[in-house]
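A.B. asks: Would you mind keeping the following structure in view while I ask a few things?
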Amino acid sequence: MEALQDKRSPGERFEQFVTDVIYDRAKMSPAARALAAFLRALSVLFERIVRLRFLLYRTRILRDTPLGCKVVVVGNLTVGGTGKTPVVEKMARVMASHGRKVAILSRGYKSKKEPLLRRILRWLNLASRPAPRIVSDGKNVLLGAEIAGDEPYMLARNLVSCGVCVVVDRDRVYAGEYAIRHFGVDVIILDDGMQYLPLRGSINLLLVDKTNPFGNGNLLPRGILREPVEHLKRGSYIFLTKSDGNPNPALVERIRKYNPDAEIIECTHQPKRLCAVFGDMPDIELGEMRGRRVATFSGIATPDKFEEFVRRYGARIAYNRRFSDHHRFSEKDLDEVFEGARLAGAEFIVTTEKDMVRLSRDLKPPIPIYYLRLEIEILSDHDSFESAVERICA
């Protein structure tokens, strides 16, 4: 029988409880109802702040900055995994194949920050700010996941062969200017950039998770929206991600209510193969999982989909361990995973590509570890996707 292990710390369990309330997955106990009411009050305040911020930019009291090159913004209205990273990777690959020099800008979520004392001393000494973090210069990957952040490192690792640069800085105007000046880029992809208003975008690629488009309709922290649903109007193109290909007229009607003109493109995240994390072991074709006992572990926002992919190809999950999103795996964490996998009789361990980049290269696992490689596939309006790329590259 499949075992879902819960050895999380009290802090992690509380974080999961809050997450379950936000996603309306929690049993509505008195504690859950009280937390929901408190979060709802905060949501009202947050929505007013968000609307005021957009108003200040719309009336030009606060001004955005153009960079003088094509800026493609990839983002979404919600928190959580809508599948931005594979879309960013696909766009970068296609544009690089068209002869464009591409840089991806990221804030580097949960990357290692400059120590506060050093920042204060630099400010007191009127020293110039440090250069952005160059994860890849288009020739070599220069930083690891801990310093760069999970997604920037993963993008750099997968795209270095295409000559794509990856730059991390909270100030993405500064990062973009640096990339243009030092690497001669002529296309910038702003990863997770819908809410980054200081940089003027040329095209907005707005991603909507078809399986959970807008949560419960509330803004953070009671819901998962980062800005109101009506801001669907900001999308130049709207990608329906995690699609199964079946029509959803109600969702399309809701999108069209706010954005009657944007092309809607359905896409799915398709598993391709299992790639070995360590050593020279060959990749495993997905069909080879059928009937085999495996162990899984992940630290992502929506682990259910990952586990569903593993089961879809016939594997039996004998042991499963979930960690909080972007969890940094300790030696103790991994020892527990290895021991659980061994006791469950697993033949090998499967994790996600995002979790793979957080594993130490010095790790010596007792059984093989593979990560599930996903790639984006367009299910509908393929010509629209190509026309978007052509428009960007024109």
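Within each chain, counting starts at residue 1; across the structure tokens, chains are named A, B, ... in the order shown, with ligands numbered 1 upward in that order.
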Any chance you could tabulate, as a Markdown table, the residues of stretch 184-296 of chain A at most 12 Å from stretch 321-338 of chain A with each one's nearest atom pair and distance in Å to one decimal, using only C-alpha atoms, in chain and rising number order?

C.D. replies:
```
| residue | atom | partner | partner_atom | distance |
| --- | --- | --- | --- | --- |
| A:Val294 | CA | A:Phe338 | CA | 11.5 |
| A:Ala295 | CA | A:Val337 | CA | 8.2 |
| A:Thr296 | CA | A:Arg321 | CA | 6.4 |
```

A.B. asks: With N, CA, C and O atoms retained, write the just-selected residues as a PDB file, in the first residue's frame.

C.D. replies:
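Printed below is selection-v2.pdb as written:
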```pdb
ATOM      1  N   VAL A 294       8.462   2.152  -7.010  1.00  0.00           N
ATOM      2  CA  VAL A 294       9.326   3.329  -6.947  1.00  0.00           C
ATOM      3  C   VAL A 294       9.014   4.123  -5.685  1.00  0.00           C
ATOM      4  O   VAL A 294       7.944   3.972  -5.079  1.00  0.00           O
ATOM      5  N   ALA A 295       9.954   4.972  -5.302  1.00  0.00           N
ATOM      6  CA  ALA A 295       9.745   5.950  -4.229  1.00  0.00           C
ATOM      7  C   ALA A 295       9.762   7.331  -4.858  1.00  0.00           C
ATOM      8  O   ALA A 295      10.461   7.566  -5.847  1.00  0.00           O
ATOM      9  N   THR A 296       8.975   8.246  -4.323  1.00  0.00           N
ATOM     10  CA  THR A 296       8.950   9.612  -4.829  1.00  0.00           C
ATOM     11  C   THR A 296       9.114  10.593  -3.679  1.00  0.00           C
ATOM     12  O   THR A 296       8.718  10.321  -2.546  1.00  0.00           O
TER      13      THR A 296
END
```

A.B. asks: Show me, as a PyMOL selection string, the residues that have an atom within 8 Å of A:Val167 when counting only C-alpha atoms, minus same-chain residues fewer than 5 positions from it.

C.D. replies: chain A and resi 103-106+132-136+152+175+179

A.B. asks: Considering only C-alpha atoms, can you say which of A:Gly193, A:Gly163, A:Gly201, A:Gly299 comes closest to A:Gly68?

C.D. replies: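 Closest residue, counting only C-alpha atoms: A:Gly201.
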
A.B. asks: Smallest atom-to-atom distance to A:Lys90: which of A:Leu143, A:Leu159, A:Cys275, A:Ala41, using only C-alpha atoms?

C.D. replies: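 So, comparing all the options, the nearest one is A:Leu159.
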
A.B. asks: What residues in stretch 71-170 of chain A get the DSSP label strand (DSSP E)? Please answer as a PDB file with C-alpha atoms, in the first residue's frame.

C.D. replies:
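Below is the file that was written, selection_20.pdb:
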```pdb
ATOM      1  CA  VAL A  71      10.645  42.512 -23.645  1.00  0.00           C
ATOM      2  CA  VAL A  72       8.446  39.433 -23.362  1.00  0.00           C
ATOM      3  CA  VAL A  73       6.687  39.158 -20.011  1.00  0.00           C
ATOM      4  CA  VAL A  74       5.704  35.644 -18.902  1.00  0.00           C
ATOM      5  CA  GLY A  75       3.554  35.488 -15.793  1.00  0.00           C
ATOM      6  CA  ASN A  76       0.212  34.776 -14.218  1.00  0.00           C
ATOM      7  CA  VAL A 102      18.030  36.082 -25.572  1.00  0.00           C
ATOM      8  CA  ALA A 103      18.365  36.855 -21.875  1.00  0.00           C
ATOM      9  CA  ILE A 104      16.008  35.642 -19.160  1.00  0.00           C
ATOM     10  CA  LEU A 105      15.567  37.957 -16.184  1.00  0.00           C
ATOM     11  CA  SER A 106      14.466  36.538 -12.834  1.00  0.00           C
ATOM     12  CA  ARG A 133      24.030  37.571 -10.545  1.00  0.00           C
ATOM     13  CA  ILE A 134      24.970  36.008 -13.862  1.00  0.00           C
ATOM     14  CA  VAL A 135      23.653  32.463 -13.714  1.00  0.00           C
ATOM     15  CA  SER A 136      24.635  31.856 -17.342  1.00  0.00           C
ATOM     16  CA  ASP A 137      26.461  34.074 -19.796  1.00  0.00           C
ATOM     17  CA  CYS A 165      21.812  34.196 -20.793  1.00  0.00           C
ATOM     18  CA  VAL A 166      20.125  34.036 -17.375  1.00  0.00           C
ATOM     19  CA  VAL A 167      20.437  37.027 -15.036  1.00  0.00           C
ATOM     20  CA  VAL A 168      19.103  37.366 -11.486  1.00  0.00           C
TER      21      VAL A 168
END
```

A.B. asks: Looking at A:Asn216, A:Gln16, A:Ser29, A:Thr241, which one is nearest to A:Ile378, with distances taken over only C-alpha atoms?

C.D. replies: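 For A:Ile378, the nearest of the candidates is A:Thr241.
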
A.B. asks: With distances taken over only C-alpha atoms, which residue among A:Thr78, A:Ser387, A:Ser43, A:Thr211 lies nearest A:Gly245?

C.D. replies: A:Thr211

A.B. asks: So that I can see what lies close to A:Ala388, please list as an NGL selection string the residues with an atom at most 12 Å from it, counting only C-alpha atoms and leaving out residues fewer than 6 positions away in the same chain.

C.D. replies: :A and (72 or 91 or 94-95 or 202-205 or 236-239 or 262-265 or 381-382 or 394)

A.B. asks: What does the file look like for those residues with N, CA, C and O atoms, as a PDB file, in the first residue's frame?

C.D. replies:
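For reference, part24.pdb as written:
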```pdb
ATOM      1  N   VAL A  72       9.559  40.375 -23.429  1.00  0.00           N
ATOM      2  CA  VAL A  72       8.446  39.433 -23.362  1.00  0.00           C
ATOM      3  C   VAL A  72       8.206  39.082 -21.899  1.00  0.00           C
ATOM      4  O   VAL A  72       9.084  38.530 -21.233  1.00  0.00           O
ATOM      5  N   MET A  91       9.932  29.272 -25.099  1.00  0.00           N
ATOM      6  CA  MET A  91      10.021  30.547 -25.808  1.00  0.00           C
ATOM      7  C   MET A  91      11.476  30.911 -26.076  1.00  0.00           C
ATOM      8  O   MET A  91      11.824  31.349 -27.176  1.00  0.00           O
ATOM      9  N   VAL A  94      12.936  28.690 -28.916  1.00  0.00           N
ATOM     10  CA  VAL A  94      12.447  29.033 -30.245  1.00  0.00           C
ATOM     11  C   VAL A  94      13.052  30.344 -30.719  1.00  0.00           C
ATOM     12  O   VAL A  94      13.493  30.464 -31.867  1.00  0.00           O
ATOM     13  N   MET A  95      13.105  31.332 -29.836  1.00  0.00           N
ATOM     14  CA  MET A  95      13.652  32.628 -30.239  1.00  0.00           C
ATOM     15  C   MET A  95      15.141  32.531 -30.540  1.00  0.00           C
ATOM     16  O   MET A  95      15.639  33.148 -31.495  1.00  0.00           O
ATOM     17  N   SER A 202       6.818  44.469 -23.900  1.00  0.00           N
ATOM     18  CA  SER A 202       6.300  44.592 -25.255  1.00  0.00           C
ATOM     19  C   SER A 202       5.108  43.674 -25.468  1.00  0.00           C
ATOM     20  O   SER A 202       4.130  44.039 -26.119  1.00  0.00           O
ATOM     21  N   ILE A 203       5.206  42.442 -24.952  1.00  0.00           N
ATOM     22  CA  ILE A 203       4.165  41.435 -25.096  1.00  0.00           C
ATOM     23  C   ILE A 203       3.998  40.725 -23.766  1.00  0.00           C
ATOM     24  O   ILE A 203       4.994  40.354 -23.130  1.00  0.00           O
ATOM     25  N   ASN A 204       2.754  40.547 -23.329  1.00  0.00           N
ATOM     26  CA  ASN A 204       2.470  39.819 -22.088  1.00  0.00           C
ATOM     27  C   ASN A 204       1.918  38.435 -22.414  1.00  0.00           C
ATOM     28  O   ASN A 204       0.843  38.329 -23.017  1.00  0.00           O
ATOM     29  N   LEU A 205       2.632  37.403 -22.037  1.00  0.00           N
ATOM     30  CA  LEU A 205       2.144  36.030 -22.153  1.00  0.00           C
ATOM     31  C   LEU A 205       1.588  35.638 -20.788  1.00  0.00           C
ATOM     32  O   LEU A 205       2.341  35.401 -19.848  1.00  0.00           O
ATOM     33  N   SER A 236      -1.506  39.730 -23.747  1.00  0.00           N
ATOM     34  CA  SER A 236      -1.471  39.786 -25.210  1.00  0.00           C
ATOM     35  C   SER A 236      -1.831  38.429 -25.781  1.00  0.00           C
ATOM     36  O   SER A 236      -2.508  38.329 -26.804  1.00  0.00           O
ATOM     37  N   TYR A 237      -1.330  37.383 -25.126  1.00  0.00           N
ATOM     38  CA  TYR A 237      -1.678  35.998 -25.428  1.00  0.00           C
ATOM     39  C   TYR A 237      -1.987  35.335 -24.099  1.00  0.00           C
ATOM     40  O   TYR A 237      -1.350  35.633 -23.082  1.00  0.00           O
ATOM     41  N   ILE A 238      -2.943  34.430 -24.091  1.00  0.00           N
ATOM     42  CA  ILE A 238      -3.295  33.706 -22.872  1.00  0.00           C
ATOM     43  C   ILE A 238      -3.066  32.219 -23.099  1.00  0.00           C
ATOM     44  O   ILE A 238      -3.635  31.624 -24.015  1.00  0.00           O
ATOM     45  N   PHE A 239      -2.194  31.651 -22.275  1.00  0.00           N
ATOM     46  CA  PHE A 239      -1.881  30.234 -22.351  1.00  0.00           C
ATOM     47  C   PHE A 239      -2.668  29.504 -21.268  1.00  0.00           C
ATOM     48  O   PHE A 239      -2.526  29.815 -20.074  1.00  0.00           O
ATOM     49  N   ALA A 262      -7.398  38.739 -27.017  1.00  0.00           N
ATOM     50  CA  ALA A 262      -6.174  37.935 -26.922  1.00  0.00           C
ATOM     51  C   ALA A 262      -6.399  36.532 -27.457  1.00  0.00           C
ATOM     52  O   ALA A 262      -7.463  35.939 -27.270  1.00  0.00           O
ATOM     53  N   GLU A 263      -5.405  35.999 -28.148  1.00  0.00           N
ATOM     54  CA  GLU A 263      -5.469  34.621 -28.613  1.00  0.00           C
ATOM     55  C   GLU A 263      -5.283  33.682 -27.416  1.00  0.00           C
ATOM     56  O   GLU A 263      -4.423  33.906 -26.567  1.00  0.00           O
ATOM     57  N   ILE A 264      -6.106  32.650 -27.360  1.00  0.00           N
ATOM     58  CA  ILE A 264      -6.038  31.672 -26.272  1.00  0.00           C
ATOM     59  C   ILE A 264      -5.387  30.407 -26.807  1.00  0.00           C
ATOM     60  O   ILE A 264      -5.853  29.836 -27.803  1.00  0.00           O
ATOM     61  N   ILE A 265      -4.318  29.975 -26.160  1.00  0.00           N
ATOM     62  CA  ILE A 265      -3.529  28.836 -26.623  1.00  0.00           C
ATOM     63  C   ILE A 265      -3.493  27.796 -25.514  1.00  0.00           C
ATOM     64  O   ILE A 265      -3.042  28.080 -24.404  1.00  0.00           O
ATOM     65  N   ASP A 381      -4.389  25.746 -31.458  1.00  0.00           N
ATOM     66  CA  ASP A 381      -3.913  27.013 -32.030  1.00  0.00           C
ATOM     67  C   ASP A 381      -2.401  27.049 -32.147  1.00  0.00           C
ATOM     68  O   ASP A 381      -1.757  28.020 -31.757  1.00  0.00           O
ATOM     69  N   HIS A 382      -1.813  25.941 -32.687  1.00  0.00           N
ATOM     70  CA  HIS A 382      -0.361  25.916 -32.830  1.00  0.00           C
ATOM     71  C   HIS A 382       0.118  27.075 -33.691  1.00  0.00           C
ATOM     72  O   HIS A 382       1.181  27.655 -33.444  1.00  0.00           O
ATOM     73  N   ALA A 394      10.211  39.420 -34.965  1.00  0.00           N
ATOM     74  CA  ALA A 394      10.169  40.301 -36.141  1.00  0.00           C
ATOM     75  C   ALA A 394      11.051  41.525 -35.923  1.00  0.00           C
ATOM     76  O   ALA A 394      11.077  42.079 -34.829  1.00  0.00           O
TER      77      ALA A 394
END
```

A.B. asks: Hey, which of A:Val50, A:Gly223, A:Thr65, A:Gly81 ends up closest to A:Ala36? Count only C-alpha atoms.

C.D. replies: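 Answer, going by the shortest atom-to-atom distance: A:Gly223.
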
A.B. asks: Please determine, counting only C-alpha atoms, which residue among A:Met356, A:Leu343, A:Cys69, A:Leu206 has the shortest atom-to-atom distance to A:Asp186.

C.D. replies: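 Selected residue with least distance to A:Asp186: A:Cys69.
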
A.B. asks: Please, which residues of stretch 227-359 of chain A, numbered as in this document, come out alpha helix (DSSP H) from DSSP, as a PyMOL selection string?

C.D. replies: chain A and resi 249-258+303-312+331-343+353-356

A.B. asks: Could you write those residues out with C-alpha atoms, as a JSON list (two decimals), in the first residue's frame?

C.D. replies:
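As a result, selection-v9.json now contains:
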```json
[["chain", "number", "residue", "atom", "x", "y", "z"],
["A", 249, "PRO", "CA", -16.51, 26.93, -22.40],
["A", 250, "ALA", "CA", -17.14, 28.54, -18.99],
["A", 251, "LEU", "CA", -13.46, 29.38, -18.53],
["A", 252, "VAL", "CA", -13.14, 30.72, -22.07],
["A", 253, "GLU", "CA", -16.28, 32.82, -21.57],
["A", 254, "ARG", "CA", -14.85, 34.28, -18.36],
["A", 255, "ILE", "CA", -11.58, 35.14, -20.08],
["A", 256, "ARG", "CA", -13.43, 36.73, -22.99],
["A", 257, "LYS", "CA", -15.46, 38.83, -20.58],
["A", 258, "TYR", "CA", -12.31, 40.74, -19.67],
["A", 303, "PRO", "CA", 2.92, 17.64, -5.78],
["A", 304, "ASP", "CA", -0.31, 15.83, -6.75],
["A", 305, "LYS", "CA", 0.26, 16.35, -10.47],
["A", 306, "PHE", "CA", 3.82, 15.02, -10.28],
["A", 307, "GLU", "CA", 2.67, 11.91, -8.43],
["A", 308, "GLU", "CA", -0.16, 11.46, -10.93],
["A", 309, "PHE", "CA", 2.36, 11.51, -13.80],
["A", 310, "VAL", "CA", 4.37, 8.72, -12.15],
["A", 311, "ARG", "CA", 1.26, 6.58, -11.64],
["A", 312, "ARG", "CA", 0.02, 7.26, -15.17],
["A", 331, "GLU", "CA", 21.16, 15.39, 4.99],
["A", 332, "LYS", "CA", 18.62, 14.15, 7.54],
["A", 333, "ASP", "CA", 15.73, 14.70, 5.10],
["A", 334, "LEU", "CA", 17.41, 12.64, 2.40],
["A", 335, "ASP", "CA", 18.51, 9.91, 4.79],
["A", 336, "GLU", "CA", 14.83, 9.50, 5.76],
["A", 337, "VAL", "CA", 13.83, 9.33, 2.09],
["A", 338, "PHE", "CA", 16.51, 6.73, 1.35],
["A", 339, "GLU", "CA", 15.56, 4.63, 4.37],
["A", 340, "GLY", "CA", 11.85, 4.84, 3.54],
["A", 341, "ALA", "CA", 12.55, 3.82, -0.06],
["A", 342, "ARG", "CA", 14.71, 0.90, 1.06],
["A", 343, "LEU", "CA", 12.14, -0.40, 3.55],
["A", 353, "GLU", "CA", 13.45, 18.58, -12.06],
["A", 354, "LYS", "CA", 13.00, 21.57, -9.76],
["A", 355, "ASP", "CA", 13.85, 19.40, -6.75],
["A", 356, "MET", "CA", 16.78, 17.81, -8.54]]
```

A.B. asks: How many Å separate atom CA of A:Asn259 from atom CA of A:Val229?

C.D. replies: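 Computed distance, atom CA of A:Asn259 to atom CA of A:Val229, equals 10.6 Å.
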
A.B. asks: Rounded to one decimal, what separation in Å do you get between atom CA of A:Arg129 and atom CA of A:Arg170?

C.D. replies: 12.2 Å

A.B. asks: What's around A:Leu199 at 8 Å? Count only C-alpha atoms, leave out sequence neighbours fewer than 2 positions away in its own chain, and write the answer as number ranges by chain.

C.D. replies: A: 64-67, 172-173, 196-197, 201

A.B. asks: Measure the distance from atom CA of A:Glu347 to atom CA of A:Pro365 in Å and round it to one decimal.

C.D. replies: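 Here the two named atoms are 12.4 Å from each other.
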